[in-house]
$ cat start-v4.txt   # compact mmCIF, N, CA and C atoms
# COMPACT_ATOMS: atom_id res chain seq x y z
N THR G 1 -44.15 -56.75 65.29
CA THR G 1 -45.20 -56.14 64.48
C THR G 1 -44.76 -56.07 63.03
N LEU G 2 -45.70 -55.80 62.16
CA LEU G 2 -45.39 -55.73 60.73
C LEU G 2 -44.42 -54.61 60.39
N ARG G 3 -44.48 -53.53 61.13
CA ARG G 3 -43.59 -52.40 60.84
C ARG G 3 -42.12 -52.74 61.06
N ARG G 4 -41.85 -53.77 61.83
CA ARG G 4 -40.46 -54.15 62.10
C ARG G 4 -39.88 -55.09 61.04
N LEU G 5 -40.71 -55.63 60.19
CA LEU G 5 -40.23 -56.53 59.15
C LEU G 5 -39.50 -55.74 58.07
N PRO G 6 -38.39 -56.27 57.57
CA PRO G 6 -37.69 -55.57 56.50
C PRO G 6 -38.54 -55.54 55.23
N ALA G 7 -38.45 -54.47 54.51
CA ALA G 7 -39.16 -54.33 53.24
C ALA G 7 -38.17 -53.92 52.16
N LEU G 8 -38.17 -54.64 51.09
CA LEU G 8 -37.26 -54.37 49.98
C LEU G 8 -35.83 -54.23 50.47
N ALA G 9 -35.43 -55.17 51.33
CA ALA G 9 -34.13 -55.10 51.98
C ALA G 9 -32.99 -55.55 51.07
N GLY G 10 -33.29 -56.41 50.13
CA GLY G 10 -32.24 -56.92 49.25
C GLY G 10 -31.98 -56.00 48.09
N ALA G 11 -30.90 -56.29 47.38
CA ALA G 11 -30.59 -55.52 46.19
C ALA G 11 -31.62 -55.82 45.12
N LEU G 12 -32.15 -54.79 44.52
CA LEU G 12 -33.12 -54.98 43.45
C LEU G 12 -32.39 -55.27 42.15
N PRO G 13 -32.90 -56.22 41.37
CA PRO G 13 -32.23 -56.51 40.10
C PRO G 13 -32.39 -55.33 39.13
N ARG G 14 -31.37 -55.12 38.34
CA ARG G 14 -31.44 -54.07 37.32
C ARG G 14 -31.97 -54.67 36.02
N LEU G 15 -32.90 -53.99 35.43
CA LEU G 15 -33.42 -54.42 34.14
C LEU G 15 -32.74 -53.59 33.06
N GLU G 16 -31.95 -54.24 32.25
CA GLU G 16 -31.26 -53.57 31.16
C GLU G 16 -32.03 -53.88 29.88
N PRO G 17 -32.77 -52.91 29.36
CA PRO G 17 -33.62 -53.16 28.18
C PRO G 17 -32.86 -53.78 27.01
N GLN G 18 -31.61 -53.38 26.81
CA GLN G 18 -30.85 -53.93 25.68
C GLN G 18 -30.53 -55.41 25.86
N SER G 19 -30.66 -55.93 27.08
CA SER G 19 -30.37 -57.35 27.31
C SER G 19 -31.61 -58.23 27.14
N LEU G 20 -32.76 -57.60 26.92
CA LEU G 20 -33.99 -58.37 26.78
C LEU G 20 -34.13 -58.92 25.37
N PRO G 21 -34.65 -60.15 25.24
CA PRO G 21 -34.93 -60.66 23.91
C PRO G 21 -36.08 -59.87 23.27
N ASP G 22 -36.17 -59.90 21.96
CA ASP G 22 -37.23 -59.18 21.27
C ASP G 22 -38.61 -59.73 21.60
N ASP G 23 -38.70 -61.03 21.86
CA ASP G 23 -39.97 -61.68 22.14
C ASP G 23 -40.32 -61.55 23.62
N PRO G 24 -41.45 -60.91 23.97
CA PRO G 24 -41.79 -60.74 25.38
C PRO G 24 -42.05 -62.05 26.12
N VAL G 25 -42.55 -63.06 25.42
CA VAL G 25 -42.78 -64.35 26.08
C VAL G 25 -41.45 -64.97 26.49
N THR G 26 -40.45 -64.89 25.62
CA THR G 26 -39.12 -65.39 25.96
C THR G 26 -38.55 -64.63 27.14
N ALA G 27 -38.73 -63.31 27.16
CA ALA G 27 -38.25 -62.50 28.29
C ALA G 27 -38.94 -62.92 29.58
N PHE G 28 -40.24 -63.11 29.52
CA PHE G 28 -40.98 -63.50 30.72
C PHE G 28 -40.54 -64.87 31.21
N LEU G 29 -40.39 -65.83 30.30
CA LEU G 29 -39.99 -67.18 30.71
C LEU G 29 -38.60 -67.18 31.33
N ARG G 30 -37.71 -66.33 30.83
CA ARG G 30 -36.38 -66.20 31.45
C ARG G 30 -36.52 -65.68 32.87
N TRP G 31 -37.32 -64.62 33.04
CA TRP G 31 -37.53 -64.04 34.36
C TRP G 31 -38.15 -65.07 35.31
N LEU G 32 -39.14 -65.82 34.81
CA LEU G 32 -39.80 -66.82 35.65
C LEU G 32 -38.81 -67.90 36.08
N ARG G 33 -37.97 -68.37 35.17
CA ARG G 33 -36.97 -69.39 35.51
C ARG G 33 -36.01 -68.85 36.57
N GLU G 34 -35.57 -67.60 36.42
CA GLU G 34 -34.68 -67.01 37.41
C GLU G 34 -35.36 -66.91 38.78
N ALA G 35 -36.64 -66.56 38.79
CA ALA G 35 -37.39 -66.45 40.05
C ALA G 35 -37.52 -67.82 40.70
N LEU G 36 -37.83 -68.84 39.90
CA LEU G 36 -37.95 -70.20 40.45
C LEU G 36 -36.61 -70.67 41.01
N ASP G 37 -35.54 -70.44 40.25
CA ASP G 37 -34.21 -70.86 40.70
C ASP G 37 -33.79 -70.14 41.98
N ALA G 38 -34.26 -68.90 42.15
CA ALA G 38 -33.90 -68.11 43.33
C ALA G 38 -34.80 -68.41 44.53
N GLY G 39 -35.80 -69.27 44.33
CA GLY G 39 -36.69 -69.62 45.43
C GLY G 39 -37.73 -68.55 45.76
N VAL G 40 -38.03 -67.69 44.80
CA VAL G 40 -39.07 -66.67 45.03
C VAL G 40 -40.39 -67.39 45.28
N PRO G 41 -41.04 -67.09 46.41
CA PRO G 41 -42.31 -67.76 46.68
C PRO G 41 -43.40 -67.30 45.71
N GLU G 42 -44.08 -68.24 45.14
CA GLU G 42 -45.22 -68.00 44.26
C GLU G 42 -44.94 -66.99 43.13
N PRO G 43 -43.92 -67.26 42.33
CA PRO G 43 -43.62 -66.33 41.24
C PRO G 43 -44.70 -66.31 40.16
N HIS G 44 -45.64 -67.22 40.24
CA HIS G 44 -46.73 -67.27 39.26
C HIS G 44 -47.93 -66.43 39.69
N ALA G 45 -47.84 -65.76 40.84
CA ALA G 45 -48.88 -64.81 41.26
C ALA G 45 -48.50 -63.45 40.68
N VAL G 46 -49.38 -62.92 39.85
CA VAL G 46 -49.08 -61.67 39.15
C VAL G 46 -50.20 -60.67 39.36
N THR G 47 -49.87 -59.41 39.24
CA THR G 47 -50.87 -58.35 39.32
C THR G 47 -51.16 -57.87 37.91
N VAL G 48 -52.44 -57.87 37.56
CA VAL G 48 -52.89 -57.38 36.26
C VAL G 48 -53.59 -56.06 36.50
N SER G 49 -53.16 -55.03 35.79
CA SER G 49 -53.77 -53.71 35.95
C SER G 49 -54.27 -53.20 34.60
N THR G 50 -55.42 -52.57 34.64
CA THR G 50 -56.00 -51.97 33.45
C THR G 50 -56.60 -50.62 33.85
N ALA G 51 -57.01 -49.86 32.87
CA ALA G 51 -57.70 -48.60 33.12
C ALA G 51 -58.92 -48.54 32.22
N ASP G 52 -60.01 -47.98 32.74
CA ASP G 52 -61.21 -47.84 31.92
C ASP G 52 -61.11 -46.59 31.05
N ALA G 53 -62.15 -46.32 30.28
CA ALA G 53 -62.13 -45.20 29.34
C ALA G 53 -61.91 -43.86 30.04
N ALA G 54 -62.30 -43.76 31.31
CA ALA G 54 -62.12 -42.53 32.07
C ALA G 54 -60.75 -42.47 32.74
N GLY G 55 -59.94 -43.51 32.56
CA GLY G 55 -58.60 -43.52 33.14
C GLY G 55 -58.55 -44.05 34.56
N ARG G 56 -59.65 -44.60 35.06
CA ARG G 56 -59.66 -45.14 36.42
C ARG G 56 -58.98 -46.51 36.41
N PRO G 57 -57.94 -46.68 37.22
CA PRO G 57 -57.22 -47.96 37.23
C PRO G 57 -57.96 -49.03 38.03
N SER G 58 -57.71 -50.24 37.66
CA SER G 58 -58.23 -51.40 38.37
C SER G 58 -57.14 -52.46 38.36
N SER G 59 -56.88 -53.07 39.51
CA SER G 59 -55.85 -54.10 39.60
C SER G 59 -56.40 -55.32 40.31
N ARG G 60 -55.86 -56.46 39.95
CA ARG G 60 -56.22 -57.70 40.63
C ARG G 60 -55.03 -58.64 40.57
N VAL G 61 -54.93 -59.48 41.57
CA VAL G 61 -53.88 -60.49 41.62
C VAL G 61 -54.46 -61.79 41.10
N VAL G 62 -53.77 -62.40 40.17
CA VAL G 62 -54.21 -63.66 39.59
C VAL G 62 -53.05 -64.65 39.64
N VAL G 63 -53.37 -65.92 39.53
CA VAL G 63 -52.35 -66.96 39.46
C VAL G 63 -52.23 -67.37 38.00
N LEU G 64 -51.04 -67.18 37.46
CA LEU G 64 -50.77 -67.52 36.07
C LEU G 64 -50.77 -69.04 35.93
N LYS G 65 -51.58 -69.55 35.02
CA LYS G 65 -51.72 -71.00 34.86
C LYS G 65 -50.95 -71.56 33.68
N ASP G 66 -50.65 -70.73 32.67
CA ASP G 66 -49.97 -71.27 31.49
C ASP G 66 -49.36 -70.13 30.70
N VAL G 67 -48.28 -70.43 30.01
CA VAL G 67 -47.65 -69.53 29.07
C VAL G 67 -47.23 -70.36 27.87
N ASP G 68 -47.55 -69.86 26.68
CA ASP G 68 -47.10 -70.55 25.47
C ASP G 68 -46.63 -69.52 24.46
N ASP G 69 -46.37 -69.94 23.23
CA ASP G 69 -45.86 -69.03 22.21
C ASP G 69 -46.82 -67.90 21.88
N GLN G 70 -48.09 -68.08 22.20
CA GLN G 70 -49.10 -67.05 21.94
C GLN G 70 -49.23 -66.07 23.09
N GLY G 71 -48.58 -66.33 24.19
CA GLY G 71 -48.66 -65.43 25.34
C GLY G 71 -49.09 -66.13 26.60
$ encode --input "start-v4.txt" --output "C-alpha cells"
Amino acid sequence: TLRRLPALAGALPRLEPQSLPDDPVTAFLRWLREALDAGVPEPHAVTVSTADAAGRPSSRVVVLKDVDDQG
C-alpha cells in the first residue's frame, strides 16, 4: 500500500543562502543541472503558488518549458 512506501527517506540537501549566486536564474539553472545529474524524475515539473487579494492561496503544477536570462 502507499503507506508503506518511504517518504523523504534520503538526506535533504541543505540550502546555504551565502552559497547562492546573486542572480536567481543562475541559481535555478545550477539546481536544475544538479537535479538532472542526480536522475531526479521530471525536475522541470514545478509548483507555482500565488495568493489573491484576500490572501487565499492557489497552487498548480506546471511543466517548465524554457529558462533564459529574463527568467
$ select_by_dssp --input "start-v4.txt" --residues "chain G" --states "strand (DSSP E or B)" --output "compact mmCIF listing (two decimals) with N, CA and C atoms, keeping the file's coordinate frame"
# COMPACT_ATOMS: atom_id res chain seq x y z
N ALA G 45 -47.84 -65.76 40.84
CA ALA G 45 -48.88 -64.81 41.26
C ALA G 45 -48.50 -63.45 40.68
N VAL G 46 -49.38 -62.92 39.85
CA VAL G 46 -49.08 -61.67 39.15
C VAL G 46 -50.20 -60.67 39.36
N THR G 47 -49.87 -59.41 39.24
CA THR G 47 -50.87 -58.35 39.32
C THR G 47 -51.16 -57.87 37.91
N VAL G 48 -52.44 -57.87 37.56
CA VAL G 48 -52.89 -57.38 36.26
C VAL G 48 -53.59 -56.06 36.50
N SER G 49 -53.16 -55.03 35.79
CA SER G 49 -53.77 -53.71 35.95
C SER G 49 -54.27 -53.20 34.60
N THR G 50 -55.42 -52.57 34.64
CA THR G 50 -56.00 -51.97 33.45
C THR G 50 -56.60 -50.62 33.85
N ALA G 51 -57.01 -49.86 32.87
CA ALA G 51 -57.70 -48.60 33.12
C ALA G 51 -58.92 -48.54 32.22
N PRO G 57 -57.94 -46.68 37.22
CA PRO G 57 -57.22 -47.96 37.23
C PRO G 57 -57.96 -49.03 38.03
N SER G 58 -57.71 -50.24 37.66
CA SER G 58 -58.23 -51.40 38.37
C SER G 58 -57.14 -52.46 38.36
N SER G 59 -56.88 -53.07 39.51
CA SER G 59 -55.85 -54.10 39.60
C SER G 59 -56.40 -55.32 40.31
N ARG G 60 -55.86 -56.46 39.95
CA ARG G 60 -56.22 -57.70 40.63
C ARG G 60 -55.03 -58.64 40.57
N VAL G 61 -54.93 -59.48 41.57
CA VAL G 61 -53.88 -60.49 41.62
C VAL G 61 -54.46 -61.79 41.10
N VAL G 62 -53.77 -62.40 40.17
CA VAL G 62 -54.21 -63.66 39.59
C VAL G 62 -53.05 -64.65 39.64
N VAL G 63 -53.37 -65.92 39.53
CA VAL G 63 -52.35 -66.96 39.46
C VAL G 63 -52.23 -67.37 38.00
$ atom_distance --input "start-v4.txt" --atom1 "atom CA of Leu12 of chain G" --atom2 "atom CA of Ala51 of chain G"
27.4 Å
$ atom_distance --input "start-v4.txt" --atom1 "atom N of Pro6 of chain G" --atom2 "atom CA of Leu29 of chain G"
29.0 Å
$ select_by_dssp --input "start-v4.txt" --residues "chain G" --states "helix (DSSP H, G or I)" --output "number ranges by chain"
G: 2-4, 17-19, 24-37
$ closest_residue --input "start-v4.txt" --among "G:Leu64, G:Leu5, G:Gln18, G:Ala27" --to "Val46 of chain G" --atoms "all atoms listed in the file"
G:Leu64
$ atom_distance --input "start-v4.txt" --atom1 "atom C of Ser49 of chain G" --atom2 "atom N of Gly10 of chain G"
26.3 Å
$ closest_residue --input "start-v4.txt" --among "G:His44, G:Leu2, G:Pro13, G:Ala7" --to "Phe28 of chain G" --atoms "only C-alpha atoms"
G:His44
